[in-house]
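**Q** You'll find target-v5.txt just under this line, and it carries compact mmCIF, C-alpha atoms (C1' of nucleotides).
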# COMPACT_ATOMS: atom_id res chain seq x y z
CA MET A 888 26.30 9.05 -4.26
CA VAL A 889 30.03 8.47 -4.69
CA LEU A 890 30.78 4.81 -4.03
CA PRO A 891 31.94 2.87 -2.15
CA VAL A 892 31.41 4.58 1.21
CA LYS A 893 32.60 3.40 4.62
CA ILE A 894 30.76 4.86 7.61
CA ALA A 895 31.50 4.15 11.28
CA SER A 896 29.99 5.11 14.63
CA PHE A 897 31.72 5.07 18.01
CA ASN A 898 30.56 6.11 21.49
CA VAL A 899 33.98 7.15 22.80
CA ASN A 900 32.96 8.03 26.40
CA GLY A 901 35.04 11.23 26.45
CA ILE A 902 36.96 12.24 23.31
CA ARG A 903 39.81 13.79 25.31
CA ALA A 904 40.44 10.50 27.12
CA ARG A 905 40.23 8.59 23.80
CA ILE A 906 41.79 10.89 21.20
CA ALA A 907 44.98 8.87 20.60
CA SER A 908 43.00 5.64 20.32
CA VAL A 909 40.46 7.21 17.93
CA ALA A 910 43.16 8.78 15.71
CA SER A 911 44.97 5.44 15.53
CA TRP A 912 41.71 3.62 14.70
CA LEU A 913 41.03 6.12 11.90
CA GLU A 914 44.50 5.54 10.45
CA ARG A 915 43.99 1.78 10.46
CA HIS A 916 40.42 1.71 9.09
CA GLU A 917 40.21 4.90 7.00
CA PRO A 918 36.41 5.25 7.07
CA ASP A 919 35.00 8.08 4.98
CA VAL A 920 32.98 9.19 8.00
CA LEU A 921 33.18 8.54 11.74
CA CYS A 922 30.25 9.56 13.94
CA LEU A 923 31.18 10.10 17.59
CA GLN A 924 28.95 10.11 20.67
CA GLU A 925 29.58 11.11 24.28
CA THR A 926 32.39 13.46 23.35
CA LYS A 927 31.88 15.21 26.73
CA VAL A 928 33.63 18.39 25.65
CA GLU A 929 32.70 21.97 24.79
CA ASP A 930 33.06 22.90 21.13
CA ASP A 931 36.06 25.22 21.63
CA GLU A 932 37.96 22.46 23.46
CA PHE A 933 37.32 19.69 20.92
CA PRO A 934 40.65 18.16 19.74
CA HIS A 935 40.16 19.05 16.06
CA GLU A 936 43.88 19.08 15.25
CA GLU A 937 44.55 15.50 16.27
CA LEU A 938 41.85 14.31 13.85
CA ALA A 939 42.95 16.75 11.11
CA ARG A 940 46.45 15.25 11.37
CA VAL A 941 45.07 11.88 10.24
CA GLY A 942 42.95 13.46 7.50
CA TYR A 943 39.59 14.29 9.06
CA GLU A 944 37.57 17.47 9.27
CA THR A 945 35.17 17.43 12.23
CA ARG A 946 31.88 19.20 12.96
CA VAL A 947 30.83 19.17 16.60
CA ALA A 948 27.88 19.71 18.91
CA GLY A 949 29.23 19.46 22.44
CA GLN A 950 28.64 20.57 25.99
CA THR A 951 30.53 20.47 29.28
CA GLY A 952 30.87 17.13 31.00
CA TYR A 953 28.05 15.14 29.40
CA ASN A 954 26.64 14.05 26.04
CA GLY A 955 28.09 15.65 22.90
CA VAL A 956 28.21 14.36 19.30
CA ALA A 957 30.56 14.98 16.38
CA ILE A 958 30.99 13.93 12.74
CA ALA A 959 34.52 13.46 11.38
CA SER A 960 34.92 13.16 7.61
CA ARG A 961 37.69 12.73 5.01
CA HIS A 962 35.45 14.61 2.53
CA PRO A 963 33.63 17.96 2.63
CA LEU A 964 30.61 18.12 4.96
CA THR A 965 27.58 20.13 3.90
CA ASP A 966 24.17 21.01 5.34
CA VAL A 967 25.35 20.51 8.92
CA LYS A 968 22.42 20.66 11.31
CA VAL A 969 22.50 20.36 15.12
CA GLY A 970 19.69 19.17 17.37
CA LEU A 971 16.16 17.79 17.27
CA PHE A 972 13.36 19.74 15.59
CA ASP A 973 12.16 21.31 18.85
CA ASP A 974 15.50 21.74 20.67
CA GLY A 975 16.01 25.07 22.41
CA PRO A 976 19.45 26.73 22.68
CA SER A 977 20.24 25.00 26.00
CA ALA A 978 19.12 21.51 24.92
CA GLU A 979 21.42 18.54 25.54
CA ARG A 980 23.68 17.95 22.53
CA ARG A 981 22.53 14.58 21.20
CA LEU A 982 22.08 14.95 17.43
CA ILE A 983 24.21 16.26 14.57
CA ALA A 984 23.53 15.75 10.88
CA ALA A 985 25.61 16.33 7.76
CA THR A 986 25.77 15.33 4.11
CA VAL A 987 28.96 13.62 2.88
CA LEU A 988 29.50 12.18 -0.63
CA GLY A 989 25.79 12.65 -1.25
CA VAL A 990 24.77 10.55 1.75
CA ARG A 991 22.69 12.23 4.47
CA ILE A 992 24.04 11.13 7.88
CA LEU A 993 22.41 11.58 11.30
CA ASP A 994 24.59 10.94 14.36
CA VAL A 995 22.46 10.23 17.47
CA TYR A 996 23.13 9.77 21.17
CA VAL A 997 19.89 8.55 22.78
CA PRO A 998 19.43 9.22 26.53
CA ASN A 999 20.33 6.23 28.71
CA GLY A 1000 17.16 6.56 30.80
CA LYS A 1001 18.79 5.65 34.15
CA SER A 1002 15.99 3.25 35.26
CA VAL A 1003 12.58 2.28 33.89
CA ALA A 1004 10.88 3.56 37.07
CA LEU A 1005 12.26 7.10 36.78
CA PRO A 1006 11.03 10.16 34.83
CA SER A 1007 14.24 9.98 32.82
CA PHE A 1008 12.90 6.79 31.19
CA VAL A 1009 9.84 8.72 29.99
CA GLU A 1010 12.22 11.37 28.64
CA LYS A 1011 14.06 8.61 26.77
CA LEU A 1012 10.79 7.42 25.19
CA ARG A 1013 9.94 11.02 24.28
CA PHE A 1014 13.39 11.44 22.70
CA PHE A 1015 12.61 8.57 20.31
CA GLU A 1016 9.28 10.23 19.41
CA ARG A 1017 11.03 13.56 18.84
CA LEU A 1018 13.72 11.86 16.74
CA ARG A 1019 10.97 10.37 14.55
CA VAL A 1020 9.33 13.80 14.13
CA THR A 1021 12.76 15.28 13.28
CA LEU A 1022 13.12 12.66 10.53
CA ASP A 1023 9.58 13.32 9.30
CA VAL A 1024 9.96 17.09 9.08
CA SER A 1025 13.61 17.40 7.99
CA GLU A 1026 14.65 14.25 6.13
CA ASP A 1027 13.58 12.15 3.15
CA ALA A 1028 13.10 8.38 3.56
CA ALA A 1029 13.42 7.96 -0.22
CA ARG A 1030 16.99 9.22 -0.33
CA GLU A 1031 20.34 7.71 0.67
CA LEU A 1032 20.22 8.25 4.43
CA VAL A 1033 22.13 6.78 7.40
CA VAL A 1034 21.02 7.13 11.02
CA CYS A 1035 23.70 5.83 13.36
CA GLY A 1036 24.86 6.10 16.95
CA ASP A 1037 24.24 4.90 20.49
CA PHE A 1038 20.52 4.11 20.82
CA ASN A 1039 20.76 2.65 24.34
CA VAL A 1040 18.31 -0.15 23.45
CA ALA A 1041 18.93 -3.79 22.58
CA ARG A 1042 16.38 -4.65 19.89
CA ALA A 1043 15.99 -8.42 20.42
CA GLU A 1044 17.06 -11.38 22.57
CA LEU A 1045 19.96 -11.99 20.19
CA ASP A 1046 21.31 -8.57 21.18
CA VAL A 1047 21.61 -9.34 24.92
CA PHE A 1048 23.97 -11.76 26.69
CA ASP A 1049 21.31 -12.81 29.21
CA PRO A 1050 17.79 -11.90 28.02
CA GLY A 1051 16.16 -13.45 31.09
CA ARG A 1052 18.14 -11.24 33.40
CA PHE A 1053 17.50 -8.10 31.34
CA ARG A 1054 13.82 -8.57 30.48
CA GLY A 1055 11.83 -5.55 31.61
CA LYS A 1056 15.00 -3.74 32.64
CA LEU A 1057 16.68 -0.66 31.24
CA LEU A 1058 18.20 -1.18 27.75
CA PHE A 1059 15.91 -4.19 27.08
CA HIS A 1060 12.43 -2.95 27.97
CA PRO A 1061 9.50 -3.50 25.54
CA GLU A 1062 8.48 0.17 25.70
CA GLU A 1063 11.87 1.45 24.56
CA GLN A 1064 12.06 -1.32 21.95
CA ARG A 1065 8.69 -0.18 20.58
CA ALA A 1066 9.83 3.45 20.70
CA LEU A 1067 12.92 2.60 18.63
CA ALA A 1068 10.78 0.49 16.27
CA ARG A 1069 8.61 3.55 15.58
CA VAL A 1070 11.74 5.47 14.58
CA LEU A 1071 12.70 2.64 12.22
CA ASP A 1072 9.17 2.73 10.74
CA PHE A 1073 10.33 5.96 9.08
CA GLY A 1074 12.00 3.56 6.66
CA LEU A 1075 15.23 2.39 8.26
CA PHE A 1076 16.94 -1.01 8.30
CA ASP A 1077 19.46 -2.47 10.77
CA SER A 1078 22.54 -2.99 8.61
CA PHE A 1079 24.37 -5.39 10.95
CA ARG A 1080 21.32 -7.60 11.49
CA GLN A 1081 20.49 -7.59 7.78
CA LEU A 1082 23.90 -9.06 6.92
CA HIS A 1083 24.20 -11.24 10.03
CA PRO A 1084 20.71 -12.48 10.94
CA GLU A 1085 21.91 -15.06 13.48
CA GLU A 1086 25.11 -13.58 14.90
CA ARG A 1087 25.29 -12.75 18.58
CA ARG A 1088 27.56 -9.71 18.68
CA TYR A 1089 27.67 -6.89 21.17
CA SER A 1090 28.72 -3.23 21.01
CA TRP A 1091 28.73 -2.32 24.72
CA TRP A 1092 29.98 -3.98 27.91
CA ASP A 1093 29.69 -2.52 31.41
CA TYR A 1094 33.06 -1.53 32.84
CA ARG A 1095 32.13 -3.31 36.07
CA GLY A 1096 32.41 -6.94 36.98
CA GLY A 1097 34.80 -7.96 34.21
CA ASP A 1098 31.84 -7.94 31.80
CA PHE A 1099 33.96 -7.52 28.65
CA ARG A 1100 36.34 -10.34 29.59
CA SER A 1101 33.30 -12.62 30.02
CA ASN A 1102 31.55 -11.13 26.94
CA ARG A 1103 28.53 -10.05 28.97
CA GLY A 1104 27.47 -7.34 26.53
CA LEU A 1105 24.58 -5.80 24.62
CA ARG A 1106 24.18 -4.58 21.06
CA ILE A 1107 22.91 -1.02 21.52
CA ASP A 1108 24.94 0.84 18.83
CA TYR A 1109 23.53 0.71 15.30
CA VAL A 1110 23.96 1.88 11.74
CA PHE A 1111 20.47 2.15 10.25
CA VAL A 1112 20.05 2.83 6.53
CA THR A 1113 17.12 3.61 4.20
CA ALA A 1114 15.86 1.25 1.48
CA ALA A 1115 17.95 3.11 -1.11
CA LEU A 1116 21.06 1.80 0.70
CA SER A 1117 20.00 -1.51 2.27
CA PRO A 1118 20.62 -3.62 -0.87
CA ARG A 1119 24.07 -2.04 -1.11
CA ILE A 1120 25.49 -3.03 2.29
CA ARG A 1121 28.64 -5.03 1.54
CA ARG A 1122 29.99 -5.17 5.05
CA ALA A 1123 28.52 -4.50 8.52
CA GLU A 1124 30.76 -5.12 11.51
CA ILE A 1125 31.37 -4.40 15.17
CA ASP A 1126 35.09 -3.95 15.84
CA VAL A 1127 35.87 -5.20 19.37
CA GLU A 1128 39.61 -4.47 19.09
CA PRO A 1129 39.48 -0.98 20.67
CA ARG A 1130 37.56 -2.46 23.63
CA ARG A 1131 40.63 -4.63 24.41
CA GLU A 1132 42.95 -1.63 24.75
CA PRO A 1133 44.04 -0.22 28.11
CA LYS A 1134 41.57 2.46 29.24
CA PRO A 1135 38.97 1.71 26.55
CA SER A 1136 35.55 3.21 25.95
CA ASP A 1137 32.80 0.94 27.24
CA HIS A 1138 31.50 0.80 23.60
CA ALA A 1139 33.00 -0.66 20.42
CA PRO A 1140 32.87 1.03 16.99
CA VAL A 1141 30.25 -0.20 14.51
CA LEU A 1142 30.77 0.23 10.77
CA VAL A 1143 29.27 -0.35 7.32
CA GLU A 1144 30.55 -0.38 3.77
CA LEU A 1145 28.14 0.57 1.01
CA ASP A 1146 28.69 0.11 -2.71
C1' DA B 396 25.33 -10.01 45.59
C1' DT B 397 21.29 -3.97 44.09
C1' DG B 398 27.70 -5.04 44.00
C1' DG B 399 31.19 -3.32 40.35
C1' DT B 400 34.18 1.04 37.12
C1' DC B 401 34.77 4.61 34.21
C1' DG B 402 35.12 10.22 32.51
C1' DA B 403 34.70 14.76 33.75
C1' DA B 404 34.55 17.86 37.02
C1' DC B 405 34.62 18.22 41.53
C1' DC B 406 34.49 15.99 46.57
C1' DT B 407 29.38 13.62 43.04
C1' DC B 408 27.02 12.69 38.92
C1' DG B 409 25.71 10.29 34.86
C1' DA B 410 26.35 6.10 32.52
Would you put the structure from the file into structure tokens?

**A**
Amino acid sequence: MVLPVKIASFNVNGIRARIASVASWLERHEPDVLCLQETKVEDDEFPHEELARVGYETRVAGQTGYNGVAIASRHPLTDVKVGLFDDGPSAERRLIAATVLGVRILDVYVPNGKSVALPSFVEKLRFFERLRVTLDVSEDAARELVVCGDFNVARAELDVFDPGRFRGKLLFHPEEQRALARVLDFGLFDSFRQLHPEERRYSWWDYRGGDFRSNRGLRIDYVFVTAALSPRIRRAEIDVEPRREPKPSDHAPVLVELD
DNA sequence: ATGGTCGAACCTCGA
């Protein structure tokens, strides 16, 4: 691995609505890699040029209207792979993987689930199982590997502004927490929590009800790393600045620096 | 209080 490496992840909630903000953020922070979720655009309409102008080559897995992931990099991307192990050609676009500077990177957008009482919640739990199988069959827990993105689950009380109000509800339900934990049992560590064991920081705030202004948020975006990288995390942050902009995404970028 | 607000593509859905 070529060191140091700076890797970021950002659910942009529509790349076309956010392209100027994302390009500006890339210019300010200059990560080696930026993983994007909810690009909400077909591959032939992705704004590649705007990211190339600030130095990034982008590989995409998009669809019309919903979902969509992309990896932007200042360095060559190799071994690009789209989708979960059992995805058919019409599957929702929620996973893209690439190798950059010797680091294997998986960019994930986990289904929201809608409500714990609906079949979509079962689909969310199944997605976590399928993500684990994808790791088992395609990736190596012994190597330098990053799994980042929007996981749509707060892992612990410290990751929720009002645990009492969220307990048993979507984004903070024990079943989805266990499902995510089984993915992490592959051999992944929560970089932000490792460096900041006590800090209450969020990565997502509902657009409604002035939730950001009142800091009523959840930490549901993560950068997970394997044991080969966990001792080498020098910085793990959530950058709330883009959430303060006019017309922001409802998420904030999360980032790590490894050396 | 089961509200509220976004993006994308339609006149509603998914989050």

**Q** Can you tell me, as a list in words, what residues are no more than 10 Å from DC408 of chain B when counting all atoms listed in the file, ignoring any on the same chain fewer than 3 positions away?

**A** Gly952 and Tyr953 of chain A; DA403, DA404 and DC405 of chain B

**Q** Within 10 Å of chain B, which residues of chain A show up? Give each one with its shortest atom-to-atom distance in Å (one decimal) and the two atoms involved, counting all atoms listed in the file, rows by chain then rising residue number, as a Markdown table.

**A**
| residue | atom | partner | partner_atom | distance |
| --- | --- | --- | --- | --- |
| A:Asn900 | CA | B:DG402 | C1' | 6.8 |
| A:Gly901 | CA | B:DG402 | C1' | 6.1 |
| A:Ile902 | CA | B:DG402 | C1' | 9.6 |
| A:Arg903 | CA | B:DG402 | C1' | 9.3 |
| A:Ala904 | CA | B:DG402 | C1' | 7.6 |
| A:Glu925 | CA | B:DG402 | C1' | 10.0 |
| A:Lys927 | CA | B:DA403 | C1' | 7.6 |
| A:Val928 | CA | B:DA403 | C1' | 8.9 |
| A:Thr951 | CA | B:DA403 | C1' | 8.4 |
| A:Gly952 | CA | B:DA403 | C1' | 5.3 |
| A:Tyr953 | CA | B:DG409 | C1' | 7.7 |
| A:Asn954 | CA | B:DG409 | C1' | 9.6 |
| A:Pro998 | CA | B:DA410 | C1' | 9.7 |
| A:Asn999 | CA | B:DA410 | C1' | 7.1 |
| A:Gly1000 | CA | B:DA410 | C1' | 9.4 |
| A:Lys1001 | CA | B:DA410 | C1' | 7.7 |
| A:Asp1093 | CA | B:DT400 | C1' | 8.1 |
| A:Tyr1094 | CA | B:DT400 | C1' | 5.1 |
| A:Arg1095 | CA | B:DG399 | C1' | 4.4 |
| A:Gly1096 | CA | B:DG399 | C1' | 5.1 |
| A:Gly1097 | CA | B:DG399 | C1' | 8.5 |
| A:Asp1098 | CA | B:DG399 | C1' | 9.7 |
| A:Lys1134 | CA | B:DC401 | C1' | 8.7 |
| A:Pro1135 | CA | B:DC401 | C1' | 9.2 |
| A:Ser1136 | CA | B:DC401 | C1' | 8.4 |
| A:Asp1137 | CA | B:DC401 | C1' | 8.1 |

**Q** How many Å lie between atom CA of Leu921 of chain A and atom CA of Tyr943 of chain A, rounded to one decimal?

**A**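 Interatomic distance, atom CA of Leu921 of chain A to atom CA of Tyr943 of chain A: 9.0 Å.
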
**Q** Quick one: residues within 9 Å of segment 1011-1015 of chain A, all atoms listed in the file counted, chain neighbours fewer than 3 positions away excluded, as a ChimeraX atom specification?

**A** /A:971,997-1000,1006-1008,1018-1020,1062-1063,1066-1067,1069-1070

**Q** From the options A:Leu938, A:Val920, A:Ile1120, A:Leu1032, which residue's atoms come nearest to Ser908 of chain A, counting all atoms listed in the file?

**A**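 Smallest distance to Ser908 of chain A is found for A:Leu938.
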
**Q** Which of these, A:Arg981, A:Arg1017, A:Arg1122, A:Arg1065, has the shortest distance to Ala895 of chain A once you count all atoms listed in the file?

**A** A:Arg1122

**Q** Could you check how far atom CA of Ala1004 of chain A sits from atom CA of Val956 of chain A, in Å to one decimal?

**A** 27.1 Å

**Q** For atom CA of Ile1125 of chain A and atom CA of Glu932 of chain A, determine how far apart the two atoms are, in Å to one decimal place.

**A**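 These atoms are spaced 28.9 Å apart.
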
**Q** Please put the answer as JSON: centre and edge lengths, in Å with one decimal, of a box along x, y and z that encloses all listed atoms of segment 396-401 of chain B plus 8 Å on each side.

**A**
{"center_x": 28.0, "center_y": -2.7, "center_z": 39.9, "size_x": 29.5, "size_y": 30.6, "size_z": 27.4}

**Q** Skip segment 1138-1146 of chain A itself and residues of its chain fewer than 3 positions away, then list as a PyMOL selection string all residues within 9 Å of it, counting all atoms listed in the file.

**A** chain A and resi 889-900+918+921+1035-1037+1078-1079+1089-1093+1108-1110+1116-1130+1135

**Q** Around (40.2, 17.5, 4.9) in the file's own coordinates, what residues are found within 10 Å if you use only C-alpha atoms (C1' of nucleotides), given back as a ChimeraX atom specification?

**A** /A:938-945,959-964
